[in-house]
file entry_32.pdb (PDB, C-alpha atoms)
ATOM      1  CA  MET V   1      21.298  29.829 -11.684
ATOM      2  CA  SER V   2      23.735  32.601 -12.626
ATOM      3  CA  ILE V   3      26.390  33.470 -10.058
ATOM      4  CA  ASN V   4      27.254  36.580 -12.057
ATOM      5  CA  LYS V   5      23.677  37.862 -11.833
ATOM      6  CA  TYR V   6      23.667  37.286  -8.087
ATOM      7  CA  GLU V   7      26.929  39.204  -7.681
ATOM      8  CA  ILE V   8      25.540  42.142  -9.651
ATOM      9  CA  PHE V   9      22.282  42.107  -7.670
ATOM     10  CA  LEU V  10      24.155  42.076  -4.361
ATOM     11  CA  LYS V  11      26.407  44.961  -5.413
ATOM     12  CA  VAL V  12      23.376  47.042  -6.454
ATOM     13  CA  VAL V  13      21.771  46.376  -3.062
ATOM     14  CA  GLU V  14      24.970  47.225  -1.163
ATOM     15  CA  LEU V  15      25.436  50.530  -3.013
ATOM     16  CA  GLY V  16      21.748  51.384  -3.339
ATOM     17  CA  SER V  17      22.289  52.533  -6.903
ATOM     18  CA  LEU V  18      22.396  51.008 -10.387
ATOM     19  CA  THR V  19      24.787  53.742 -11.544
ATOM     20  CA  LYS V  20      27.259  53.231  -8.690
ATOM     21  CA  ALA V  21      27.178  49.462  -9.173
ATOM     22  CA  ALA V  22      27.801  49.884 -12.903
ATOM     23  CA  ASP V  23      30.788  52.166 -12.247
ATOM     24  CA  MET V  24      32.296  49.799  -9.686
ATOM     25  CA  LEU V  25      31.783  46.647 -11.762
ATOM     26  CA  GLY V  26      32.776  48.170 -15.103
ATOM     27  CA  PHE V  27      29.368  47.803 -16.772
ATOM     28  CA  THR V  28      27.005  50.284 -18.369
ATOM     29  CA  GLN V  29      23.953  51.262 -16.352
ATOM     30  CA  SER V  30      21.706  49.737 -19.017
ATOM     31  CA  GLY V  31      23.685  46.487 -18.744
ATOM     32  CA  ILE V  32      23.173  46.386 -14.975
ATOM     33  CA  SER V  33      19.489  47.205 -15.385
ATOM     34  CA  HIS V  34      19.094  44.436 -17.967
ATOM     35  CA  THR V  35      20.757  41.911 -15.623
ATOM     36  CA  ILE V  36      18.431  42.817 -12.748
ATOM     37  CA  SER V  37      15.391  42.623 -15.039
ATOM     38  CA  SER V  38      16.546  39.214 -16.271
ATOM     39  CA  LEU V  39      16.888  37.968 -12.692
ATOM     40  CA  GLU V  40      13.431  39.310 -11.845
ATOM     41  CA  MET V  41      12.002  37.423 -14.843
ATOM     42  CA  GLU V  42      13.688  34.205 -13.654
ATOM     43  CA  PHE V  43      12.238  34.603 -10.161
ATOM     44  CA  GLY V  44       8.841  35.798 -11.354
ATOM     45  CA  PHE V  45       8.676  38.861  -9.112
ATOM     46  CA  ALA V  46      10.234  42.305  -8.691
ATOM     47  CA  LEU V  47      13.387  42.507  -6.573
ATOM     48  CA  LEU V  48      13.980  46.254  -6.504
ATOM     49  CA  ILE V  49      11.975  49.451  -6.287
ATOM     50  CA  ARG V  50      13.582  52.111  -8.459
ATOM     51  CA  ASN V  51      13.187  55.804  -7.633
ATOM     52  CA  ARG V  52      15.084  59.083  -8.026
ATOM     53  CA  SER V  53      17.200  58.511  -4.929
ATOM     54  CA  GLY V  54      18.321  55.045  -6.052
ATOM     55  CA  VAL V  55      16.938  51.584  -5.417
ATOM     56  CA  LYS V  56      15.651  49.626  -2.453
ATOM     57  CA  LEU V  57      14.539  46.048  -1.978
ATOM     58  CA  THR V  58      10.959  44.933  -2.390
ATOM     59  CA  VAL V  59       9.478  42.652   0.276
ATOM     60  CA  ASN V  60      10.242  39.674  -1.972
ATOM     61  CA  GLY V  61      13.733  41.030  -2.587
ATOM     62  CA  GLU V  62      14.321  41.116   1.178
ATOM     63  CA  GLN V  63      13.331  37.442   1.385
ATOM     64  CA  VAL V  64      15.828  36.247  -1.225
ATOM     65  CA  LEU V  65      18.718  38.536  -0.193
ATOM     66  CA  GLN V  66      20.146  36.257   2.494
ATOM     67  CA  PRO V  67      19.918  33.042   0.411
ATOM     68  CA  ILE V  68      21.732  34.829  -2.422
ATOM     69  CA  ARG V  69      24.441  35.937   0.012
ATOM     70  CA  GLU V  70      24.787  32.346   1.188
ATOM     71  CA  ILE V  71      25.069  31.028  -2.387
ATOM     72  CA  LEU V  72      27.852  33.515  -3.177
ATOM     73  CA  LYS V  73      29.610  32.739   0.100
ATOM     74  CA  TRP V  74      29.582  28.983  -0.585
ATOM     75  CA  ASN V  75      30.614  29.532  -4.200
ATOM     76  CA  GLU V  76      33.662  31.472  -3.003
ATOM     77  CA  LYS V  77      34.453  28.768  -0.439
ATOM     78  CA  LEU V  78      34.210  26.092  -3.149
ATOM     79  CA  LYS V  79      36.641  27.995  -5.388
ATOM     80  CA  GLN V  80      39.069  28.376  -2.495
ATOM     81  CA  GLU V  81      38.841  24.695  -1.525
ATOM     82  CA  VAL V  82      39.564  23.639  -5.130
ATOM     83  CA  ALA V  83      42.482  26.071  -5.300
ATOM     84  CA  ASP V  84      43.753  24.761  -1.964
ATOM     85  CA  ILE V  85      43.717  21.190  -3.283
ATOM     86  CA  HIS V  86      45.837  22.333  -6.219
ATOM     87  CA  GLY V  87      48.220  24.150  -3.881
ATOM     88  CA  LEU V  88      47.100  27.572  -5.105
ATOM     89  CA  GLU V  89      46.597  30.463  -2.690
ATOM     90  CA  ILE V  90      43.852  32.573  -4.249
ATOM     91  CA  GLY V  91      40.487  33.959  -3.214
ATOM     92  CA  THR V  92      38.768  36.915  -1.598
ATOM     93  CA  ILE V  93      38.273  37.818   2.043
ATOM     94  CA  THR V  94      36.028  40.569   3.413
ATOM     95  CA  ILE V  95      37.032  41.850   6.847
ATOM     96  CA  GLY V  96      34.936  43.919   9.252
ATOM     97  CA  THR V  97      36.817  46.458  11.320
ATOM     98  CA  PHE V  98      36.534  49.636  13.391
ATOM     99  CA  THR V  99      38.648  52.797  13.500
ATOM    100  CA  SER V 100      41.402  51.959  15.983
ATOM    101  CA  VAL V 101      42.116  48.565  14.403
ATOM    102  CA  SER V 102      41.931  50.070  10.896
ATOM    103  CA  VAL V 103      44.502  52.719  11.789
ATOM    104  CA  HIS V 104      46.928  50.895  14.068
ATOM    105  CA  TRP V 105      46.797  47.178  13.193
ATOM    106  CA  LEU V 106      45.417  46.510   9.738
ATOM    107  CA  PRO V 107      47.964  48.408   7.606
ATOM    108  CA  GLY V 108      50.815  46.291   8.989
ATOM    109  CA  MET V 109      48.771  43.098   8.978
ATOM    110  CA  ILE V 110      47.637  43.540   5.386
ATOM    111  CA  LYS V 111      51.070  44.547   4.103
ATOM    112  CA  GLN V 112      52.648  41.371   5.476
ATOM    113  CA  PHE V 113      49.687  39.180   4.466
ATOM    114  CA  ARG V 114      49.815  40.457   0.879
ATOM    115  CA  SER V 115      53.542  39.795   0.689
ATOM    116  CA  GLU V 116      52.870  36.165   1.632
ATOM    117  CA  TYR V 117      49.643  35.749  -0.374
ATOM    118  CA  PRO V 118      49.777  38.231  -3.289
ATOM    119  CA  TYR V 119      46.846  36.668  -5.159
ATOM    120  CA  ILE V 120      44.346  36.935  -2.318
ATOM    121  CA  GLU V 121      42.032  39.948  -2.629
ATOM    122  CA  ILE V 122      41.238  41.792   0.603
ATOM    123  CA  LYS V 123      38.097  43.886   1.098
ATOM    124  CA  LEU V 124      37.443  46.005   4.192
ATOM    125  CA  MET V 125      34.194  47.209   5.746
ATOM    126  CA  GLU V 126      34.469  49.703   8.598
ATOM    127  CA  GLY V 127      31.770  50.405  11.167
ATOM    128  CA  GLY V 128      30.980  50.269  14.858
ATOM    129  CA  TYR V 129      31.021  47.174  17.058
ATOM    130  CA  LEU V 130      27.323  46.493  16.488
ATOM    131  CA  GLU V 131      27.609  46.867  12.714
ATOM    132  CA  VAL V 132      30.530  44.432  12.536
ATOM    133  CA  GLU V 133      28.578  41.829  14.507
ATOM    134  CA  GLN V 134      25.536  42.314  12.284
ATOM    135  CA  TRP V 135      27.712  41.869   9.184
ATOM    136  CA  ILE V 136      29.131  38.603  10.552
ATOM    137  CA  GLU V 137      25.643  37.341  11.407
ATOM    138  CA  ALA V 138      24.303  38.231   7.941
ATOM    139  CA  GLY V 139      27.278  36.727   6.115
ATOM    140  CA  VAL V 140      28.257  40.098   4.626
ATOM    141  CA  ILE V 141      31.841  39.673   5.880
ATOM    142  CA  ASP V 142      34.032  36.611   6.407
ATOM    143  CA  CYS V 143      35.457  37.732   9.739
ATOM    144  CA  GLY V 144      35.440  40.820  11.899
ATOM    145  CA  PHE V 145      37.337  42.486  14.708
ATOM    146  CA  ILE V 146      35.111  42.875  17.765
ATOM    147  CA  SER V 147      35.116  43.941  21.385
ATOM    148  CA  LEU V 148      34.405  41.068  23.768
ATOM    149  CA  PRO V 149      32.077  39.764  24.967
ATOM    150  CA  THR V 150      30.149  39.488  21.725
ATOM    151  CA  ARG V 151      26.367  39.680  21.723
ATOM    152  CA  GLU V 152      26.093  36.817  19.233
ATOM    153  CA  LYS V 153      27.231  33.179  19.347
ATOM    154  CA  PHE V 154      30.228  33.424  17.049
ATOM    155  CA  ASP V 155      33.494  31.518  17.067
ATOM    156  CA  VAL V 156      35.907  34.020  18.582
ATOM    157  CA  ILE V 157      39.681  34.254  18.911
ATOM    158  CA  PRO V 158      40.672  36.588  21.790
ATOM    159  CA  LEU V 159      43.546  38.835  20.699
ATOM    160  CA  LYS V 160      44.558  41.536  23.150
ATOM    161  CA  LYS V 161      43.518  43.552  26.196
ATOM    162  CA  ASP V 162      43.465  47.296  25.604
ATOM    163  CA  ARG V 163      43.584  49.717  28.533
ATOM    164  CA  MET V 164      40.830  52.333  28.845
ATOM    165  CA  LEU V 165      42.110  55.834  29.627
ATOM    166  CA  GLY V 166      40.544  59.141  30.534
ATOM    167  CA  ILE V 167      41.302  62.078  28.246
ATOM    168  CA  VAL V 168      41.033  65.761  29.140
ATOM    169  CA  SER V 169      42.190  68.983  27.538
ATOM    170  CA  LYS V 170      45.677  70.009  28.660
ATOM    171  CA  GLU V 171      44.095  73.319  29.686
ATOM    172  CA  ASN V 172      41.782  71.488  32.082
ATOM    173  CA  PRO V 173      43.114  71.453  35.697
ATOM    174  CA  LEU V 174      42.428  67.709  35.758
ATOM    175  CA  SER V 175      45.342  67.220  33.353
ATOM    176  CA  ALA V 176      47.734  67.683  36.289
ATOM    177  CA  GLU V 177      46.100  64.934  38.342
ATOM    178  CA  PRO V 178      47.819  61.527  38.704
ATOM    179  CA  PHE V 179      44.609  59.744  37.664
ATOM    180  CA  LEU V 180      41.000  60.458  36.732
ATOM    181  CA  SER V 181      38.719  59.752  39.667
ATOM    182  CA  LEU V 182      35.183  58.462  39.380
ATOM    183  CA  SER V 183      33.771  61.496  41.177
ATOM    184  CA  GLN V 184      35.514  63.832  38.730
ATOM    185  CA  ILE V 185      34.033  62.018  35.732
ATOM    186  CA  ALA V 186      30.531  62.563  37.132
ATOM    187  CA  LYS V 187      31.114  66.313  37.539
ATOM    188  CA  GLU V 188      32.500  67.067  34.070
ATOM    189  CA  ASP V 189      30.749  67.443  30.731
ATOM    190  CA  PHE V 190      31.219  64.127  28.941
ATOM    191  CA  ILE V 191      31.651  63.194  25.270
ATOM    192  CA  ILE V 192      30.623  59.625  24.468
ATOM    193  CA  PRO V 193      31.016  57.490  21.329
ATOM    194  CA  LYS V 194      27.853  57.008  19.280
ATOM    195  CA  ALA V 195      25.465  54.145  20.049
ATOM    196  CA  GLY V 196      26.868  50.880  18.735
ATOM    197  CA  SER V 197      30.454  51.988  19.411
ATOM    198  CA  ASP V 198      30.021  52.918  23.062
ATOM    199  CA  TYR V 199      30.000  49.479  24.720
ATOM    200  CA  ASP V 200      33.508  49.728  26.185
ATOM    201  CA  VAL V 201      32.903  53.176  27.665
ATOM    202  CA  ARG V 202      29.451  52.210  28.932
ATOM    203  CA  ARG V 203      30.917  49.141  30.649
ATOM    204  CA  VAL V 204      33.416  51.315  32.533
ATOM    205  CA  LEU V 205      30.739  53.801  33.576
ATOM    206  CA  ASP V 206      28.128  51.189  34.502
ATOM    207  CA  LYS V 207      30.616  49.175  36.555
ATOM    208  CA  ALA V 208      31.473  52.313  38.535
ATOM    209  CA  GLY V 209      27.823  53.327  38.853
ATOM    210  CA  ILE V 210      28.452  56.631  37.083
ATOM    211  CA  LYS V 211      25.825  58.506  35.103
ATOM    212  CA  PRO V 212      27.886  61.016  33.136
ATOM    213  CA  ASN V 213      26.687  64.435  32.066
ATOM    214  CA  VAL V 214      26.695  63.597  28.351
ATOM    215  CA  LYS V 215      26.896  66.758  26.256
ATOM    216  CA  PHE V 216      27.928  65.273  22.919
ATOM    217  CA  SER V 217      27.951  61.937  21.106
ATOM    218  CA  ALA V 218      30.420  61.482  18.250
ATOM    219  CA  GLY V 219      30.799  58.688  15.725
ATOM    220  CA  ASP V 220      34.553  58.967  15.302
ATOM    221  CA  ASP V 221      37.276  58.524  17.933
ATOM    222  CA  TYR V 222      39.319  61.354  16.452
ATOM    223  CA  ALA V 223      36.331  63.699  16.491
ATOM    224  CA  ILE V 224      36.037  62.972  20.221
ATOM    225  CA  MET V 225      39.708  63.818  20.774
ATOM    226  CA  SER V 226      39.316  67.055  18.825
ATOM    227  CA  MET V 227      36.300  68.055  20.923
ATOM    228  CA  VAL V 228      38.148  67.226  24.146
ATOM    229  CA  GLU V 229      41.132  69.264  22.943
ATOM    230  CA  LYS V 230      38.843  72.305  22.550
ATOM    231  CA  GLY V 231      37.548  71.920  26.093
ATOM    232  CA  LEU V 232      34.044  70.756  25.186
ATOM    233  CA  GLY V 233      34.199  67.919  27.696
ATOM    234  CA  ILE V 234      36.199  64.905  28.833
ATOM    235  CA  SER V 235      35.987  61.335  27.602
ATOM    236  CA  ILE V 236      37.224  57.774  27.996
ATOM    237  CA  LEU V 237      38.866  56.001  25.064
ATOM    238  CA  PRO V 238      40.928  52.838  24.487
ATOM    239  CA  GLU V 239      44.704  53.204  24.596
ATOM    240  CA  LEU V 240      45.027  51.856  21.044
ATOM    241  CA  VAL V 241      43.015  54.830  19.765
ATOM    242  CA  LEU V 242      45.337  57.226  21.586
ATOM    243  CA  THR V 243      48.520  55.757  20.102
ATOM    244  CA  ARG V 244      50.507  58.242  18.004
ATOM    245  CA  GLN V 245      47.795  60.904  18.226
ATOM    246  CA  ASN V 246      48.764  64.576  17.924
ATOM    247  CA  TYR V 247      45.922  66.180  19.825
ATOM    248  CA  ASN V 248      46.608  68.524  22.735
ATOM    249  CA  VAL V 249      45.029  66.232  25.317
ATOM    250  CA  ALA V 250      46.232  64.605  28.515
ATOM    251  CA  MET V 251      45.788  60.858  28.988
ATOM    252  CA  LEU V 252      45.029  59.757  32.541
ATOM    253  CA  GLU V 253      44.848  56.351  34.155
ATOM    254  CA  LEU V 254      41.373  55.703  35.528
ATOM    255  CA  GLU V 255      40.961  55.439  39.290
ATOM    256  CA  GLU V 256      39.744  51.891  38.740
ATOM    257  CA  ARG V 257      41.845  50.279  35.992
ATOM    258  CA  SER V 258      39.686  49.110  33.109
ATOM    259  CA  PHE V 259      40.322  47.288  29.849
ATOM    260  CA  ARG V 260      38.511  46.322  26.690
ATOM    261  CA  SER V 261      39.157  42.879  25.229
ATOM    262  CA  LEU V 262      39.666  42.756  21.471
ATOM    263  CA  GLY V 263      39.088  39.667  19.373
ATOM    264  CA  ILE V 264      38.350  38.501  15.869
ATOM    265  CA  ALA V 265      35.232  36.477  15.091
ATOM    266  CA  VAL V 266      33.748  34.282  12.383
ATOM    267  CA  HIS V 267      30.220  32.951  12.173
ATOM    268  CA  SER V 268      31.523  29.385  12.323
ATOM    269  CA  MET V 269      35.123  28.200  12.254
ATOM    270  CA  LYS V 270      33.909  24.895  10.836
ATOM    271  CA  TYR V 271      32.623  26.586   7.690
ATOM    272  CA  ALA V 272      35.241  29.342   7.380
ATOM    273  CA  SER V 273      36.974  29.456   3.991
ATOM    274  CA  PRO V 274      40.649  28.471   3.616
ATOM    275  CA  VAL V 275      41.580  32.122   3.000
ATOM    276  CA  THR V 276      39.744  33.229   6.144
ATOM    277  CA  LYS V 277      41.560  30.606   8.216
ATOM    278  CA  LYS V 278      44.891  31.775   6.778
ATOM    279  CA  PHE V 279      44.089  35.371   7.723
ATOM    280  CA  LEU V 280      43.015  34.454  11.269
ATOM    281  CA  LYS V 281      46.295  32.650  11.824
ATOM    282  CA  HIS V 282      48.209  35.577  10.324
ATOM    283  CA  VAL V 283      46.495  38.061  12.679
ATOM    284  CA  GLN V 284      47.602  36.111  15.745
ATOM    285  CA  VAL V 285      51.202  35.799  14.538
ATOM    286  CA  TRP V 286      51.387  39.483  13.563
ATOM    287  CA  LEU V 287      50.143  40.658  16.961
ATOM    288  CA  LYS V 288      52.600  38.396  18.747
ATOM    289  CA  ASP V 289      55.478  39.838  16.702
ATOM    290  CA  ASN V 290      54.413  43.491  16.657
ATOM    291  CA  THR V 291      52.690  44.353  19.934
TER     292      THR V 291
END

call {"tool": "encode", "arguments": {"input": "entry_32.pdb", "output": "structure tokens"}}
result
Amino acid sequence: MSINKYEIFLKVVELGSLTKAADMLGFTQSGISHTISSLEMEFGFALLIRNRSGVKLTVNGEQVLQPIREILKWNEKLKQEVADIHGLEIGTITIGTFTSVSVHWLPGMIKQFRSEYPYIEIKLMEGGYLEVEQWIEAGVIDCGFISLPTREKFDVIPLKKDRMLGIVSKENPLSAEPFLSLSQIAKEDFIIPKAGSDYDVRRVLDKAGIKPNVKFSAGDDYAIMSMVEKGLGISILPELVLTRQNYNVAMLELEERSFRSLGIAVHSMKYASPVTKKFLKHVQVWLKDNT
């Protein structure tokens, strides 16, 4: 069993390209190709289908992907446990996140964490709520920021409630209102986050029994604000997203106050690595001191 071969295989799968994996890992493309071929010979079957657009997993490759992820995960945990016994603070942590946390929390969290643990490598993966949960479930990341309640049975640390606010263009007459009423939301063109990132907004709308006139769906919070600014519709976004934004939009309290609950999750706290546990503790302390 070669851990190095498994790491190379996983990187090729993640990037979907031998060339990109070679560039990122500092190998030649022929070296990467040779490693994959060697692994295929060991297993006795093809792992990847190579074509002009890149590579994709064979059916057999799909079957061994998760066990290989688990081997690498446990290998990293073993290294961290040994280092912990020796009083060393080293290792790697991969964190799943979404836009508002990436912009407003993580820079400060990571800066302070790195000052305390300079030899711990931090990797980030950004996506929607659903993607982060899928990454936790598959073992792609060590921990991930999520919106509660989670759809999976993870170990979760609740972090903070975040108010949901209506946003309208400042040229919209609604901008002068003291709050955004439910009836007004139903009458206006609405811009909603893309599927997988829309749970918080959907919860607000479903609770109020509103079926909005959805005109656009956008995958980025800041794209939504830009569209609202241009008068293409109204929307509902978390207050954290709206912090320090420079768009010409008005933020309105909703007629019925609503919140999203943010947390951070791991697949199992029992099996979380020492570095992951350090980061989880750091997140809670940082939020207490900075929010």

call {"tool": "closest_residue", "arguments": {"input": "entry_32.pdb", "among": "V:Lys288, V:Phe259, V:Arg202, V:Leu10", "to": "Pro67 (chain V)", "atoms": "all atoms listed in the file"}}
result
V:Leu10

call {"tool": "residues_near_point", "arguments": {"input": "entry_32.pdb", "point": "(35.6, 30.1, 0.0)", "cutoff": "9 Å", "atoms": "only C-alpha atoms", "output": "PyMOL selection string"}}
result
chain V and resi 73-81+91-93+271-276

call {"tool": "resolve_selection", "arguments": {"input": "entry_32.pdb", "expression": "the PyMOL selection byres ((chain V and resi 130) around 10)", "output": "PyMOL selection string"}}
result
chain V and resi 127-129+131-135+146-147+150-151+195-199

call {"tool": "residues_around", "arguments": {"input": "entry_32.pdb", "residues": "Ser268 (chain V)", "least_positions_apart": "6", "cutoff": "9 Å", "atoms": "all atoms listed in the file", "output": "list in words"}}
result
Phe154, Asp155 and Val156 of chain V

call {"tool": "closest_residue", "arguments": {"input": "entry_32.pdb", "among": "V:Leu106, V:Ile224, V:Ile71, V:Val266", "to": "Asn290 (chain V)", "atoms": "all atoms listed in the file"}}
result
V:Leu106

call {"tool": "residues_near_point", "arguments": {"input": "entry_32.pdb", "point": "(46.8, 62.0, 38.7)", "cutoff": "12 Å", "atoms": "only C-alpha atoms", "output": "NGL selection string"}}
result
:V and (165-168 or 173-181 or 184 or 250-255)

call {"tool": "closest_residue", "arguments": {"input": "entry_32.pdb", "among": "V:Val59, V:Ile8, V:Val201, V:Met227", "to": "His34 (chain V)", "atoms": "only C-alpha atoms"}}
result
V:Ile8

call {"tool": "resolve_selection", "arguments": {"input": "entry_32.pdb", "expression": "the PyMOL selection byres ((chain V and resi 16) around 12)", "output": "list in words"}}
result
Ile8, Phe9, Leu10, Lys11, Val12, Val13, Glu14, Leu15, Ser17, Leu18, Thr19, Lys20, Ala21, Ala22, Leu48, Ile49, Arg50, Asn51, Arg52, Ser53, Gly54, Val55, Lys56 and Leu57 of chain V

call {"tool": "atom_distance", "arguments": {"input": "entry_32.pdb", "atom1": "CA of Lys194 (chain V)", "atom2": "CA of Leu262 (chain V)"}}
result
18.6 Å

call {"tool": "resolve_selection", "arguments": {"input": "entry_32.pdb", "expression": "the PyMOL selection byres ((chain V and resi 96-102) around 8)", "output": "list in words"}}
result
Thr94, Ile95, Val103, His104, Trp105, Leu106, Pro107, Leu124, Met125, Glu126, Gly127, Gly128, Tyr129, Val132, Trp135, Ile136, Ile141, Asp142, Cys143, Gly144, Phe145, Ile146, Asp220, Asp221, Leu240 and Val241 of chain V

call {"tool": "atom_distance", "arguments": {"input": "entry_32.pdb", "atom1": "CA of Asn213 (chain V)", "atom2": "CA of Arg244 (chain V)"}}
result
28.3 Å

call {"tool": "axis_aligned_box", "arguments": {"input": "entry_32.pdb", "around": "region 199-211 of chain V", "padding_each_side": "6 Å", "output": "lines of an AutoDock Vina configuration file"}}
result
center_x = 29.7
center_y = 53.8
center_z = 31.8
size_x = 19.7
size_y = 21.4
size_z = 26.1

call {"tool": "residues_around", "arguments": {"input": "entry_32.pdb", "residues": "Ala186 (chain V)", "least_positions_apart": "4", "cutoff": "8 Å", "atoms": "all atoms listed in the file", "output": "ChimeraX atom specification"}}
result
/V:182,210-213

call {"tool": "closest_residue", "arguments": {"input": "entry_32.pdb", "among": "V:Leu39, V:Ser115, V:Ala46, V:Asp23", "to": "Asn4 (chain V)", "atoms": "all atoms listed in the file"}}
result
V:Leu39

call {"tool": "closest_residue", "arguments": {"input": "entry_32.pdb", "among": "V:Glu256, V:Glu89, V:Glu137, V:Asp189", "to": "Leu205 (chain V)", "atoms": "only C-alpha atoms"}}
result
V:Glu256

call {"tool": "atom_distance", "arguments": {"input": "entry_32.pdb", "atom1": "CA of Ile192 (chain V)", "atom2": "CA of Gly219 (chain V)"}}
result
8.8 Å

call {"tool": "closest_residue", "arguments": {"input": "entry_32.pdb", "among": "V:Val214, V:Val285, V:Leu159, V:Ile191", "to": "Gly231 (chain V)", "atoms": "only C-alpha atoms"}}
result
V:Ile191

call {"tool": "residues_around", "arguments": {"input": "entry_32.pdb", "residues": "Pro158 (chain V)", "least_positions_apart": "2", "cutoff": "9 Å", "atoms": "all atoms listed in the file", "output": "list in words"}}
result
Leu148, Val156, Lys160, Lys161, Ser261, Leu262, Gly263, Ile264 and Ala265 of chain V

call {"tool": "decode", "arguments": {"input": "entry_32.pdb", "residues": "region 171-204 of chain V", "atoms": "C-alpha atoms", "output": "CSV table (one decimal), in the first residue's frame"}}
result
chain,number,residue,atom,x,y,z
V,171,GLU,CA,-35.1,53.5,-5.8
V,172,ASN,CA,-37.9,51.1,-4.9
V,173,PRO,CA,-40.7,52.8,-2.8
V,174,LEU,CA,-40.5,49.9,-0.4
V,175,SER,CA,-37.1,51.2,0.8
V,176,ALA,CA,-39.0,53.9,2.8
V,177,GLU,CA,-41.1,51.4,4.7
V,178,PRO,CA,-40.3,50.5,8.3
V,179,PHE,CA,-40.3,46.8,7.5
V,180,LEU,CA,-41.0,44.4,4.6
V,181,SER,CA,-44.4,42.9,4.9
V,182,LEU,CA,-45.3,39.4,3.8
V,183,SER,CA,-47.9,40.7,1.3
V,184,GLN,CA,-45.3,43.0,-0.3
V,185,ILE,CA,-42.9,40.1,-0.8
V,186,ALA,CA,-45.6,38.1,-2.7
V,187,LYS,CA,-46.2,41.1,-5.1
V,188,GLU,CA,-42.6,41.8,-6.0
V,189,ASP,CA,-40.3,40.1,-8.5
V,190,PHE,CA,-38.0,37.9,-6.3
V,191,ILE,CA,-34.4,36.9,-6.6
V,192,ILE,CA,-33.6,33.6,-4.8
V,193,PRO,CA,-30.3,31.9,-4.0
V,194,LYS,CA,-29.5,28.8,-6.2
V,195,ALA,CA,-30.7,25.4,-5.1
V,196,GLY,CA,-28.6,24.0,-2.3
V,197,SER,CA,-28.0,27.5,-0.9
V,198,ASP,CA,-31.6,28.6,-0.6
V,199,TYR,CA,-32.7,26.7,2.6
V,200,ASP,CA,-32.7,29.8,4.9
V,201,VAL,CA,-34.8,31.8,2.4
V,202,ARG,CA,-37.1,29.0,1.7
V,203,ARG,CA,-37.7,28.4,5.4
V,204,VAL,CA,-38.8,32.1,5.8
